[in-house]
>>> print(open('target_4.cif').read())   # mmCIF, C-alpha atoms
data_final
loop_
_atom_site.label_atom_id
_atom_site.label_comp_id
_atom_site.auth_asym_id
_atom_site.auth_seq_id
_atom_site.Cartn_x
_atom_site.Cartn_y
_atom_site.Cartn_z
CA MET A 153 73.81 -186.63 -120.57
CA LYS A 154 70.73 -188.16 -118.99
CA ALA A 155 67.59 -186.26 -118.08
CA LEU A 156 64.55 -187.54 -116.21
CA LEU A 157 61.38 -185.77 -117.36
CA VAL A 158 58.97 -186.35 -114.48
CA GLY A 159 55.46 -185.08 -113.76
CA HIS A 160 52.72 -184.06 -116.21
CA LEU A 161 51.42 -181.03 -118.11
CA SER A 162 47.70 -181.78 -117.87
CA PRO A 163 45.74 -178.98 -116.13
CA SER A 164 42.83 -181.36 -115.56
CA LEU A 165 45.07 -183.40 -113.22
CA ALA A 166 46.57 -180.45 -111.37
CA PRO A 167 45.24 -178.94 -108.14
CA ALA A 168 43.46 -175.64 -108.63
CA VAL A 169 43.31 -174.14 -105.17
CA GLY A 170 45.29 -170.93 -105.67
CA PHE A 171 45.88 -168.57 -108.57
CA SER A 172 45.25 -171.28 -111.14
CA ALA A 173 41.66 -171.70 -109.96
CA GLY A 174 40.79 -168.53 -111.86
CA GLU A 175 43.19 -168.93 -114.77
CA GLU A 176 42.27 -169.73 -118.32
CA GLN A 177 42.72 -173.47 -118.50
CA LEU A 178 44.95 -174.95 -121.21
CA ALA A 179 42.65 -177.91 -121.57
CA GLU A 180 43.67 -181.09 -123.29
CA ALA A 181 42.35 -181.76 -126.77
CA PRO A 182 39.80 -184.58 -127.18
CA GLY A 183 41.63 -187.88 -127.10
CA GLU A 184 44.88 -186.32 -125.90
CA HIS A 185 46.85 -188.60 -123.59
CA TYR A 186 48.78 -187.23 -120.63
CA ARG A 187 52.00 -188.57 -122.18
CA ASP A 188 51.57 -186.57 -125.40
CA ARG A 189 52.78 -183.21 -124.09
CA LEU A 190 55.71 -184.81 -122.29
CA ALA A 191 56.71 -186.60 -125.51
CA VAL A 192 56.74 -183.34 -127.50
CA LEU A 193 58.94 -181.74 -124.86
CA ALA A 194 61.32 -184.71 -124.70
CA GLU A 195 61.71 -184.86 -128.49
CA ALA A 196 62.99 -181.28 -128.51
CA LEU A 197 65.72 -182.10 -125.97
CA THR A 198 68.27 -183.01 -128.62
CA ASP A 199 71.60 -184.49 -127.52
CA TRP A 200 70.02 -185.62 -124.25
CA GLU A 201 69.03 -189.15 -123.27
CA VAL A 202 65.58 -188.49 -121.86
CA GLU A 203 63.49 -190.84 -119.73
CA ILE A 204 59.82 -189.87 -119.48
CA LEU A 205 58.16 -190.68 -116.15
CA PRO A 206 54.53 -189.53 -115.82
CA PHE A 207 53.93 -188.74 -112.16
CA GLY A 208 50.57 -187.57 -110.88
CA PRO A 209 47.03 -188.53 -109.81
CA GLY A 210 44.05 -190.03 -111.60
CA PRO A 211 44.85 -192.10 -114.71
CA ILE A 212 48.59 -191.66 -114.17
CA PHE A 213 48.31 -193.37 -110.80
CA THR A 214 45.97 -196.16 -111.90
CA GLU A 215 48.08 -197.02 -114.96
CA ALA A 216 51.25 -197.10 -112.85
CA VAL A 217 49.72 -199.13 -110.00
CA PRO A 218 47.77 -202.12 -111.40
CA GLY A 219 44.56 -202.91 -109.57
CA SER A 220 44.15 -199.45 -108.08
CA LEU A 221 41.14 -197.18 -108.45
CA SER A 222 40.83 -193.41 -108.69
CA LEU A 223 37.74 -191.46 -107.75
CA PRO A 224 36.48 -189.22 -110.57
CA ARG A 225 37.28 -185.52 -110.26
CA ASP A 226 33.70 -184.61 -111.10
CA ALA A 227 30.36 -185.63 -109.65
CA GLY A 228 29.98 -188.60 -112.00
CA ASP A 229 28.05 -191.76 -111.22
CA PRO A 230 28.24 -193.40 -107.80
CA VAL A 231 31.25 -195.72 -107.50
CA VAL A 232 30.62 -199.28 -106.38
CA LEU A 233 33.82 -200.60 -104.83
CA PRO A 234 34.98 -204.18 -105.50
CA ALA A 235 33.30 -206.59 -103.12
CA ALA A 236 36.40 -208.59 -102.19
CA GLY A 237 40.19 -208.47 -102.10
CA PRO A 238 42.66 -205.67 -101.36
CA LEU A 239 41.54 -202.18 -102.27
CA LEU A 240 43.76 -199.20 -103.12
CA VAL A 241 41.91 -195.97 -103.95
CA GLU A 242 43.52 -192.69 -105.06
CA MET A 243 41.55 -189.54 -104.45
CA GLY A 244 42.34 -185.87 -104.62
CA HIS A 245 41.14 -182.37 -103.98
CA ASP A 246 37.53 -182.78 -105.08
CA VAL A 247 35.86 -179.97 -103.18
CA GLY A 248 32.20 -179.69 -103.96
CA HIS A 249 31.78 -183.41 -104.59
CA ASP A 250 30.50 -185.25 -101.55
CA TRP A 251 32.15 -188.54 -102.41
CA GLY A 252 32.19 -189.61 -98.77
CA ARG A 253 28.40 -189.78 -98.52
CA ARG A 254 28.05 -190.93 -102.14
CA LEU A 255 30.28 -193.93 -101.47
CA TRP A 256 28.61 -195.00 -98.25
CA ALA A 257 25.21 -194.73 -99.97
CA VAL A 258 26.05 -197.45 -102.52
CA ASN A 259 28.57 -199.62 -100.65
CA ARG A 260 27.98 -201.93 -97.67
CA GLU A 261 30.33 -200.95 -94.86
CA GLU A 262 30.15 -204.51 -93.52
CA ASP A 263 31.83 -205.67 -96.77
CA LEU A 264 34.76 -203.29 -96.29
CA VAL A 265 35.64 -203.67 -92.61
CA GLY A 266 38.54 -206.06 -92.04
CA ARG A 267 39.79 -205.92 -95.64
CA ASP A 268 43.16 -204.66 -96.83
CA LEU A 269 42.17 -201.05 -97.54
CA THR A 270 44.60 -198.32 -98.57
CA VAL A 271 43.90 -194.68 -99.37
CA ALA A 272 46.30 -192.69 -101.55
CA TYR A 273 45.46 -189.09 -100.76
CA SER A 274 46.42 -186.46 -103.32
CA THR A 275 45.70 -183.65 -100.91
CA ALA A 276 46.87 -183.66 -97.31
CA ARG A 277 44.02 -181.39 -96.22
CA PRO A 278 41.73 -182.81 -93.52
CA LEU A 279 37.96 -182.94 -93.74
CA LYS A 280 37.59 -180.49 -90.81
CA GLY A 281 39.72 -177.70 -89.41
CA PRO A 282 41.11 -174.35 -90.56
CA ASP A 283 42.89 -175.86 -93.58
CA ALA A 284 40.10 -178.30 -94.49
CA THR A 285 39.21 -178.97 -98.10
CA SER A 286 35.80 -177.41 -97.48
CA ASN A 287 37.47 -174.09 -96.67
CA THR A 288 39.50 -173.69 -99.86
CA ASP A 289 36.59 -172.47 -101.99
CA PRO A 290 33.40 -171.63 -100.06
CA HIS A 291 31.46 -171.13 -103.29
CA LEU A 292 31.55 -174.86 -104.02
CA GLY A 293 29.37 -175.55 -101.01
CA LEU A 294 30.88 -178.74 -99.61
CA ARG A 295 30.80 -177.61 -95.98
CA PRO A 296 26.99 -177.55 -95.54
CA VAL A 297 26.75 -180.97 -97.17
CA ILE A 298 29.23 -182.67 -94.85
CA GLU A 299 28.10 -180.85 -91.70
CA GLU A 300 24.33 -181.22 -91.96
CA PRO A 301 22.64 -183.55 -89.43
CA ASP A 302 22.61 -186.54 -91.79
CA GLY A 303 25.93 -185.62 -93.42
CA LEU A 304 29.27 -187.35 -93.52
CA ILE A 305 30.70 -186.00 -90.27
CA ALA A 306 27.66 -187.13 -88.27
CA HIS A 307 27.92 -190.54 -89.91
CA LEU A 308 31.58 -190.85 -88.98
CA ARG A 309 30.70 -190.13 -85.37
CA GLN A 310 28.07 -192.88 -85.43
CA LEU A 311 30.41 -195.57 -86.76
CA SER A 312 31.92 -196.24 -83.35
CA HIS A 313 28.45 -197.05 -81.99
CA ARG A 314 27.59 -199.61 -84.67
CA GLN A 315 28.26 -203.30 -84.38
CA LEU A 316 31.20 -203.29 -86.82
CA PRO A 317 34.51 -205.01 -86.01
CA LEU A 318 36.51 -201.82 -86.54
CA ALA A 319 40.27 -201.96 -86.06
CA ASP A 320 39.94 -198.66 -84.18
CA PRO A 321 36.67 -198.79 -82.21
CA ARG A 322 36.80 -195.00 -81.68
CA PRO A 323 37.28 -193.37 -85.09
CA ARG A 324 35.93 -190.10 -83.70
CA GLU A 325 38.70 -187.78 -84.84
CA VAL A 326 39.34 -189.32 -88.24
CA ASP A 327 38.06 -186.16 -89.95
CA LEU A 328 41.05 -184.24 -88.54
CA ARG A 329 43.71 -186.60 -89.89
CA PRO A 330 45.97 -185.52 -92.78
CA GLY A 331 44.38 -186.46 -96.09
CA SER A 332 40.94 -187.14 -94.62
CA GLY A 333 39.42 -184.42 -96.80
CA ALA A 334 40.53 -186.10 -100.02
CA GLY A 335 37.75 -187.12 -102.35
CA GLY A 336 35.28 -184.81 -100.63
CA GLY A 337 35.60 -186.83 -97.43
CA ALA A 338 35.77 -190.28 -99.02
CA ALA A 339 39.22 -190.71 -97.46
CA ALA A 340 37.82 -190.02 -93.98
CA TRP A 341 35.09 -192.60 -94.49
CA LEU A 342 37.54 -195.32 -95.57
CA MET A 343 39.95 -194.39 -92.77
CA ALA A 344 37.14 -194.82 -90.27
CA LEU A 345 36.59 -198.31 -91.67
CA GLY A 346 40.24 -199.19 -91.10
CA ALA A 347 42.03 -198.04 -94.25
CA ARG A 348 45.69 -197.13 -94.10
CA ALA A 349 46.42 -193.75 -95.64
CA PHE A 350 49.52 -192.49 -97.44
CA PRO A 351 50.32 -189.50 -99.67
CA THR A 352 49.81 -190.38 -103.33
CA ALA A 353 53.29 -189.09 -104.19
CA GLN A 354 54.89 -191.43 -101.67
CA LEU A 355 53.04 -194.52 -102.88
CA LEU A 356 53.69 -193.67 -106.52
CA ALA A 357 57.38 -192.95 -105.89
CA ASP A 358 57.85 -196.28 -104.13
CA HIS A 359 56.04 -198.20 -106.86
CA LEU A 360 57.95 -196.54 -109.71
CA GLY A 361 61.36 -196.53 -108.05
CA LEU A 362 61.56 -192.74 -108.32
CA ALA A 363 64.63 -192.37 -106.12
CA ASP A 364 66.68 -194.84 -108.19
CA ARG A 365 65.59 -193.20 -111.47
CA ILE A 366 66.58 -189.77 -110.17
CA GLY A 367 69.89 -191.15 -108.94
CA ARG A 368 70.74 -192.28 -112.49
CA ALA A 369 69.94 -188.86 -114.02
CA ASP A 370 72.19 -185.83 -114.48
CA LEU A 371 69.23 -183.46 -114.58
CA VAL A 372 65.61 -183.67 -113.43
CA ILE A 373 63.10 -181.77 -115.57
CA LEU A 374 60.01 -181.31 -113.45
CA ALA A 375 56.76 -180.76 -115.37
CA THR A 376 53.64 -179.29 -113.83
CA PRO A 377 51.16 -176.92 -115.53
CA HIS A 378 51.03 -174.24 -112.83
CA TRP A 379 53.83 -172.90 -110.68
CA HIS A 380 51.98 -171.12 -107.88
CA SER A 381 52.84 -171.76 -104.23
CA PRO A 382 49.27 -172.62 -103.11
CA ASP A 383 49.02 -175.20 -105.91
CA LEU A 384 52.51 -176.59 -105.35
CA ALA A 385 51.63 -177.30 -101.74
CA GLU A 386 49.06 -179.77 -103.16
CA SER A 387 51.18 -180.91 -106.11
CA ILE A 388 52.28 -184.50 -106.60
CA PRO A 389 55.14 -183.90 -109.10
CA ILE A 390 56.90 -181.47 -106.71
CA TYR A 391 57.74 -184.51 -104.56
CA ALA A 392 60.41 -185.34 -107.15
CA ALA A 393 62.23 -182.10 -106.33
CA GLU A 394 62.54 -183.20 -102.71
CA VAL A 395 63.99 -186.56 -103.74
CA ALA A 396 66.41 -184.88 -106.17
CA ALA A 397 67.59 -182.44 -103.49
CA GLU A 398 68.51 -185.36 -101.23
CA ARG A 399 70.78 -186.65 -104.02
CA ALA A 400 72.14 -183.26 -105.11
CA ILE A 401 70.64 -183.64 -108.60
CA PRO A 402 69.71 -180.27 -110.20
CA VAL A 403 66.06 -179.65 -111.00
CA VAL A 404 64.62 -177.37 -113.68
CA GLY A 405 60.89 -176.73 -113.84
CA VAL A 406 58.73 -176.48 -116.97
CA GLY A 407 55.09 -175.50 -117.33
CA PHE A 408 52.65 -172.88 -118.59
CA ARG A 409 51.99 -170.40 -115.78
CA SER A 410 54.01 -169.14 -112.80
CA SER A 411 53.79 -166.52 -110.08
CA LEU A 412 56.99 -167.63 -108.32
CA SER A 413 59.76 -165.19 -107.56
CA PRO A 414 63.38 -166.38 -107.96
CA HIS A 415 63.52 -166.79 -104.18
CA GLU A 416 60.37 -168.94 -104.20
CA GLN A 417 61.75 -171.04 -107.05
CA ALA A 418 64.77 -171.83 -104.91
CA GLN A 419 62.53 -172.65 -101.96
CA TRP A 420 60.74 -175.24 -104.09
CA GLY A 421 64.08 -176.78 -105.10
CA LEU A 422 64.39 -175.37 -108.62
CA GLN A 423 67.60 -174.27 -110.30
CA GLY A 424 65.57 -172.75 -113.13
CA LEU A 425 62.04 -172.43 -114.51
CA HIS A 426 61.01 -172.30 -118.18
CA LEU A 427 57.48 -171.60 -119.40
CA ALA A 428 55.52 -172.00 -122.62
CA ARG A 429 52.52 -169.78 -123.35
CA ASP A 430 50.51 -172.74 -124.63
CA PRO A 431 50.96 -176.44 -125.56
CA GLU A 432 51.78 -175.55 -129.19
CA ARG A 433 55.06 -173.99 -127.96
CA LEU A 434 56.32 -177.01 -126.04
CA GLY A 435 58.86 -177.78 -128.76
CA GLN A 436 60.34 -174.30 -128.37
CA LEU A 437 60.35 -174.79 -124.62
CA GLY A 438 62.27 -178.04 -124.94
CA ARG A 439 64.88 -176.45 -127.19
CA ARG A 440 65.28 -173.59 -124.72
CA VAL A 441 65.91 -176.02 -121.87
CA ALA A 442 68.42 -177.93 -123.99
CA GLN A 443 70.32 -174.77 -124.91
CA THR A 444 70.35 -173.48 -121.34
CA TRP A 445 71.77 -176.70 -119.95
CA SER A 446 73.96 -177.69 -122.91
CA GLY A 447 77.15 -176.70 -121.10
CA PHE A 448 76.17 -178.36 -117.83
CA THR A 449 78.80 -180.72 -116.43
CA PRO A 450 77.47 -183.19 -113.84
CA GLY A 451 79.40 -182.90 -110.63
#
>>> encode(input="target_4.cif", output="structure tokens")
Amino acid sequence: MKALLVGHLSPSLAPAVGFSAGEEQLAEAPGEHYRDRLAVLAEALTDWEVEILPFGPGPIFTEAVPGSLSLPRDAGDPVVLPAAGPLLVEMGHDVGHDWGRRLWAVNREEDLVGRDLTVAYSTARPLKGPDATSNTDPHLGLRPVIEEPDGLIAHLRQLSHRQLPLADPRPREVDLRPGSGAGGGAAAWLMALGARAFPTAQLLADHLGLADRIGRADLVILATPHWHSPDLAESIPIYAAEVAAERAIPVVGVGFRSSLSPHEQAQWGLQGLHLARDPERLGQLGRRVAQTWSGFTPG
């Protein structure tokens, strides 16, 4: 029996836009690698041939896609982008961090226009609109920063009036495009300069051959720390459930916290969901999954 263990169990890499935003975080220990928790879980799946496939943003993405960059998920130091060559930048739901303005402050736009630029957005929320990133948590204060007279949105409007050889000379509505709110508006800024934009899950799946790996498995074990619908709407690992459903491969979820009803679990493509109270119980969780599915016959 073959199982594909896909995703991650690192709260620091998970979106926190719903219930999990106020939950006690099961933070990683100093020096803990995102593979460590998956390895503990896989080791407990006795009698199964388990392939571990980390699938997520940040360091997972940059290690899987050589040459790519990921914007920090905290304020951090300003990021100076490479001066030449193709550029692929992953960025997520970093509300409160005005990466759009921070990037344009330290990078010459003239050096970016006309290059092969790609944005991997780990949130599909736009920069403006009812479902914008700035509306998900008003206490973080991103909206005043991006909307003030010298803020990012005003700057995006001015780009079409500058003498830049933009591929789209009228990037006026870029802040309404899906994913433009990623990285606190950094995605919108790069899109205005001509970057192509794709969901992180799609780019990662193509690069890792996710569909083929799922097709070779009898069971997909989908790991994500929090199972709450608002978070899952922003989740990268949940993409694997969609791919598995297309191939009629059963999916069982594992994690630490859930507010999903059985009906909601089915809506998200799960045939079961198993939880551990904390990382120290991942071995028990793995044995429970193995026992539950021990009599499963692939069909």
>>> closest_atom_pairs(input="target_4.cif", of="range 336-395 of chain A", to="range 254-261 of chain A", cutoff="12 Å", atoms="all atoms listed in the file", output="CSV")
residue,atom,partner,partner_atom,distance
A:Gly336,CA,A:Arg254,CA,9.6
A:Gly337,CA,A:Leu255,CA,9.7
A:Ala338,CA,A:Leu255,CA,7.0
A:Ala339,CA,A:Leu255,CA,10.3
A:Ala340,CA,A:Trp256,CA,11.3
A:Trp341,CA,A:Trp256,CA,7.9
A:Leu342,CA,A:Glu261,CA,9.2
A:Met343,CA,A:Glu261,CA,11.8
A:Ala344,CA,A:Glu261,CA,10.2
A:Leu345,CA,A:Glu261,CA,7.5
A:Gly346,CA,A:Glu261,CA,10.7
>>> resolve_selection(input="target_4.cif", expression="the PyMOL selection byres ((chain A and resi 394) around 12)", output="PyMOL selection string")
chain A and resi 353-354+357+362-363+366+372+374+388-393+395-403+418-422
>>> closest_residue(input="target_4.cif", among="A:Leu205, A:Leu161, A:Leu328, A:Leu240", to="Gly405 in chain A", atoms="all atoms listed in the file")
A:Leu161
>>> residues_near_point(input="target_4.cif", point="(37.4, -201.9, -95.5)", cutoff="8 Å", atoms="only C-alpha atoms", output="ChimeraX atom specification")
/A:239,261-269,342,345-347
>>> closest_residue(input="target_4.cif", among="A:Arg348, A:Asp358, A:Glu386, A:Gly435", to="Thr285 in chain A", atoms="all atoms listed in the file")
A:Glu386
>>> residues_around(input="target_4.cif", residues="range 212-220 of chain A", least_positions_apart="3", cutoff="12 Å", atoms="only C-alpha atoms", output="JSON, numbers by chain")
{"A": [158, 159, 160, 161, 162, 164, 165, 166, 185, 186, 187, 205, 206, 207, 208, 209, 223, 224, 233, 234, 237, 238, 239, 240, 241, 242, 243, 244, 269, 270, 271, 272, 273, 274, 351, 352, 353, 354, 355, 356, 357, 358, 359, 360, 361, 388, 389]}
>>> closest_residue(input="target_4.cif", among="A:Gly210, A:Pro230, A:Gly252, A:Gly407", to="Leu434 in chain A", atoms="all atoms listed in the file")
A:Gly407
>>> atom_distance(input="target_4.cif", atom1="CA of Arg440 in chain A", atom2="CA of Pro163 in chain A")
22.0 Å
>>> residues_near_point(input="target_4.cif", point="(61.7, -179.0, -130.1)", cutoff="10 Å", atoms="all atoms listed in the file", output="ChimeraX atom specification")
/A:192-198,433-442
>>> residues_around(input="target_4.cif", residues="Leu427 in chain A", least_positions_apart="2", cutoff="8 Å", atoms="all atoms listed in the file", output="ChimeraX atom specification")
/A:406-410,425,429,437
>>> resolve_selection(input="target_4.cif", expression="the PyMOL selection byres ((chain A and resi 381) around 8)", output="PyMOL selection string")
chain A and resi 170+379-380+382-385+411-412
